[in-house]
Amino acid sequence: MTDDALLATCWTTAGDAAPMRGDARSPIPLRTRIETAAAAGFRGFGVTHVDLVAALEELSLADLGSILADNGMDHREVELLADWWGTGPVREASDVMRRDLLAAAEALGAQRIKIGPDFPDAPADPGAQVEALAELGAQAAEHGTRVALEFLPWSNVADLHQGLALVEAAGHPAVGLLVDAWHVGRAGTPVGDIAAIPPERLFGVELDDFDAEPRGTLFEDTRDRRRYCGEGAFDLPGMVSALRGLGWQGPWGVEILSEEHRRADLSTGLAKAFDTAAALL
């Protein structure tokens, strides 16, 4: 697809659910979320591992794929794999999720699996990370998908440049970057730096907005206080322009994580998320 299709990322449709806030499962059935997102105009959908596991208690992957297709969800993603570089019990748990996400991506035709860095700002073994990331990319390619690394300002892959250095070092064509507006802005990265990304390494984009100054920790700010596109202080038009300059034409993920959005009725919140992002584009 080469148009401005919008993809509802997992948290945008999750209702009263959020990462690292107790039980992260959405209270809303996955079918309802997909149908409501489609009614709002979205043509892509993302799902977390925890919601995928819950849905598969009643549905098969084939069932889920049919629901997505019936609702015009041409663009699909699954997330979020962490600890892919680890060892011991942590890595064993990560590998269970890895197998689940690889199988789901293949069955659903997901264009990418989102992966994250180490959330604490802890020292990393660059050599081990590079080797593990290249291995993960090769496994993704075997399943007909790719892995998109999302850099996080409070992590040990804190900004666009660190993320790009890591994916370039991994050197696998199925390894690239996921660029989220919040993470670009809160890392203090000028939007013009987006031009440094080789187009073949840009695997995904997420749109959202935020206030000029964070409130609470960076994690609290990203989880609870994001704004709808155009309602914050970030130079979203500049970011979109820079991404278009790289040749990006979509899909454009919309990731709204906030207390305000979680309190809204699902259809109302998704309509606002869609309309504000569409107006930006």
# chains A, B, ... in the order shown; residues from 1 in each chain; ligands from 1
call {"tool": "residues_around", "arguments": {"residues": "Ala279 (chain A)", "least_positions_apart": "3", "cutoff": "10 Å", "atoms": "only C-alpha atoms", "output": "list in words"}}
result
Cys229, Gly230, Phe274, Asp275 and Thr276 of chain A
call {"tool": "write_last_selection", "arguments": {"atoms": "C-alpha atoms", "output": "short mmCIF file (atom, residue, chain, number, x, y, z; two decimals), in the first residue's frame"}}
result
data_model
loop_
_atom_site.label_atom_id
_atom_site.label_comp_id
_atom_site.auth_asym_id
_atom_site.auth_seq_id
_atom_site.Cartn_x
_atom_site.Cartn_y
_atom_site.Cartn_z
CA CYS A 229 -2.14 14.78 17.11
CA GLY A 230 -2.07 18.56 16.88
CA PHE A 274 -8.23 8.91 13.61
CA ASP A 275 -9.56 12.36 12.77
CA THR A 276 -6.70 14.28 14.38
#
call {"tool": "residues_around", "arguments": {"residues": "Ala148 (chain A)", "least_positions_apart": "2", "cutoff": "6 Å", "atoms": "only C-alpha atoms", "output": "number ranges by chain"}}
result
A: 114-115, 176-178, 203
call {"tool": "write_last_selection", "arguments": {"atoms": "C-alpha atoms", "output": "PDB file, in the first residue's frame"}}
result
ATOM      1  CA  LYS A 114       7.916  -4.485  17.381  1.00  0.00           C
ATOM      2  CA  ILE A 115      10.821  -5.015  19.767  1.00  0.00           C
ATOM      3  CA  GLY A 176      14.948  -1.719  11.112  1.00  0.00           C
ATOM      4  CA  LEU A 177      13.607   1.162  13.199  1.00  0.00           C
ATOM      5  CA  LEU A 178      10.193   2.132  14.529  1.00  0.00           C
ATOM      6  CA  PHE A 203      10.045   0.002   9.195  1.00  0.00           C
TER       7      PHE A 203
END
call {"tool": "closest_residue", "arguments": {"among": "A:Gly72, A:Met239, A:Tyr228, A:Gly204", "to": "Leu270 (chain A)", "atoms": "only C-alpha atoms"}}
result
A:Tyr228
call {"tool": "closest_residue", "arguments": {"among": "A:Gly22, A:Gly86, A:Gly247, A:Gly185", "to": "Ala132 (chain A)", "atoms": "only C-alpha atoms"}}
result
A:Gly86
call {"tool": "residues_around", "arguments": {"residues": "Leu266 (chain A)", "least_positions_apart": "6", "cutoff": "9 Å", "atoms": "only C-alpha atoms", "output": "ChimeraX atom specification"}}
result
/A:13-15,33,36-37
call {"tool": "atom_distance", "arguments": {"atom1": "CA of Ala140 (chain A)", "atom2": "CA of His49 (chain A)"}}
result
15.9 Å
call {"tool": "decode", "arguments": {"residues": "region 232-265 of chain A", "atoms": "N, CA and C atoms", "output": "JSON list (two decimals), in the first residue's frame"}}
result
[["chain", "number", "residue", "atom", "x", "y", "z"],
["A", 232, "GLY", "N", -0.74, 19.05, 21.08],
["A", 232, "GLY", "CA", 0.41, 19.23, 21.95],
["A", 232, "GLY", "C", 1.37, 20.26, 21.39],
["A", 233, "ALA", "N", 2.64, 20.14, 21.80],
["A", 233, "ALA", "CA", 3.64, 21.16, 21.45],
["A", 233, "ALA", "C", 4.69, 20.67, 20.47],
["A", 234, "PHE", "N", 4.62, 19.41, 20.04],
["A", 234, "PHE", "CA", 5.67, 18.86, 19.19],
["A", 234, "PHE", "C", 5.47, 19.29, 17.73],
["A", 235, "ASP", "N", 6.59, 19.36, 17.02],
["A", 235, "ASP", "CA", 6.54, 19.74, 15.60],
["A", 235, "ASP", "C", 6.17, 18.53, 14.76],
["A", 236, "LEU", "N", 4.94, 18.08, 14.87],
["A", 236, "LEU", "CA", 4.48, 16.94, 14.09],
["A", 236, "LEU", "C", 4.51, 17.21, 12.59],
["A", 237, "PRO", "N", 4.09, 18.40, 12.12],
["A", 237, "PRO", "CA", 4.19, 18.65, 10.68],
["A", 237, "PRO", "C", 5.62, 18.52, 10.16],
["A", 238, "GLY", "N", 6.59, 18.98, 10.97],
["A", 238, "GLY", "CA", 7.98, 18.86, 10.57],
["A", 238, "GLY", "C", 8.43, 17.42, 10.51],
["A", 239, "MET", "N", 7.96, 16.61, 11.46],
["A", 239, "MET", "CA", 8.32, 15.19, 11.46],
["A", 239, "MET", "C", 7.71, 14.49, 10.25],
["A", 240, "VAL", "N", 6.45, 14.77, 9.98],
["A", 240, "VAL", "CA", 5.80, 14.15, 8.82],
["A", 240, "VAL", "C", 6.52, 14.54, 7.54],
["A", 241, "SER", "N", 6.90, 15.81, 7.44],
["A", 241, "SER", "CA", 7.61, 16.28, 6.25],
["A", 241, "SER", "C", 8.95, 15.56, 6.09],
["A", 242, "ALA", "N", 9.66, 15.38, 7.21],
["A", 242, "ALA", "CA", 10.95, 14.68, 7.15],
["A", 242, "ALA", "C", 10.77, 13.24, 6.73],
["A", 243, "LEU", "N", 9.73, 12.61, 7.23],
["A", 243, "LEU", "CA", 9.46, 11.21, 6.88],
["A", 243, "LEU", "C", 9.05, 11.08, 5.42],
["A", 244, "ARG", "N", 8.25, 12.00, 4.96],
["A", 244, "ARG", "CA", 7.89, 11.98, 3.54],
["A", 244, "ARG", "C", 9.12, 12.20, 2.67],
["A", 245, "GLY", "N", 10.06, 12.99, 3.18],
["A", 245, "GLY", "CA", 11.30, 13.21, 2.45],
["A", 245, "GLY", "C", 12.10, 11.94, 2.26],
["A", 246, "LEU", "N", 11.92, 10.98, 3.20],
["A", 246, "LEU", "CA", 12.57, 9.68, 3.07],
["A", 246, "LEU", "C", 11.80, 8.74, 2.14],
["A", 247, "GLY", "N", 10.61, 9.18, 1.73],
["A", 247, "GLY", "CA", 9.78, 8.35, 0.88],
["A", 247, "GLY", "C", 8.72, 7.56, 1.63],
["A", 248, "TRP", "N", 8.57, 7.82, 2.94],
["A", 248, "TRP", "CA", 7.57, 7.09, 3.71],
["A", 248, "TRP", "C", 6.17, 7.51, 3.28],
["A", 249, "GLN", "N", 5.32, 6.53, 2.98],
["A", 249, "GLN", "CA", 3.96, 6.80, 2.54],
["A", 249, "GLN", "C", 2.92, 6.03, 3.36],
["A", 250, "GLY", "N", 3.35, 5.47, 4.44],
["A", 250, "GLY", "CA", 2.42, 4.78, 5.30],
["A", 250, "GLY", "C", 2.67, 3.28, 5.32],
["A", 251, "PRO", "N", 1.98, 2.58, 6.20],
["A", 251, "PRO", "CA", 0.95, 3.10, 7.09],
["A", 251, "PRO", "C", 1.53, 3.94, 8.22],
["A", 252, "TRP", "N", 0.72, 4.85, 8.69],
["A", 252, "TRP", "CA", 1.09, 5.72, 9.81],
["A", 252, "TRP", "C", 0.39, 5.19, 11.05],
["A", 253, "GLY", "N", 1.18, 4.68, 11.98],
["A", 253, "GLY", "CA", 0.60, 4.24, 13.23],
["A", 253, "GLY", "C", 0.13, 5.43, 14.05],
["A", 254, "VAL", "N", -0.93, 5.24, 14.80],
["A", 254, "VAL", "CA", -1.43, 6.26, 15.72],
["A", 254, "VAL", "C", -1.41, 5.62, 17.10],
["A", 255, "GLU", "N", -0.57, 6.15, 17.99],
["A", 255, "GLU", "CA", -0.43, 5.56, 19.32],
["A", 255, "GLU", "C", -0.80, 6.59, 20.38],
["A", 256, "ILE", "N", -2.01, 6.48, 20.89],
["A", 256, "ILE", "CA", -2.49, 7.40, 21.92],
["A", 256, "ILE", "C", -2.55, 6.65, 23.25],
["A", 257, "LEU", "N", -1.67, 7.04, 24.13],
["A", 257, "LEU", "CA", -1.60, 6.49, 25.48],
["A", 257, "LEU", "C", -1.83, 7.64, 26.45],
["A", 258, "SER", "N", -2.97, 7.64, 27.10],
["A", 258, "SER", "CA", -3.22, 8.71, 28.07],
["A", 258, "SER", "C", -4.40, 8.33, 28.95],
["A", 259, "GLU", "N", -4.44, 8.94, 30.13],
["A", 259, "GLU", "CA", -5.57, 8.75, 31.02],
["A", 259, "GLU", "C", -6.85, 9.25, 30.34],
["A", 260, "GLU", "N", -6.75, 10.37, 29.65],
["A", 260, "GLU", "CA", -7.91, 10.92, 28.96],
["A", 260, "GLU", "C", -8.46, 9.93, 27.94],
["A", 261, "HIS", "N", -7.59, 9.36, 27.13],
["A", 261, "HIS", "CA", -8.03, 8.45, 26.08],
["A", 261, "HIS", "C", -8.62, 7.17, 26.68],
["A", 262, "ARG", "N", -8.03, 6.68, 27.76],
["A", 262, "ARG", "CA", -8.53, 5.45, 28.39],
["A", 262, "ARG", "C", -9.91, 5.65, 29.01],
["A", 263, "ARG", "N", -10.22, 6.87, 29.43],
["A", 263, "ARG", "CA", -11.54, 7.14, 30.01],
["A", 263, "ARG", "C", -12.63, 7.28, 28.96],
["A", 264, "ALA", "N", -12.24, 7.54, 27.72],
["A", 264, "ALA", "CA", -13.22, 7.79, 26.67],
["A", 264, "ALA", "C", -13.91, 6.50, 26.23],
["A", 265, "ASP", "N", -15.14, 6.64, 25.78],
["A", 265, "ASP", "CA", -15.80, 5.54, 25.09],
["A", 265, "ASP", "C", -14.94, 5.13, 23.91]]
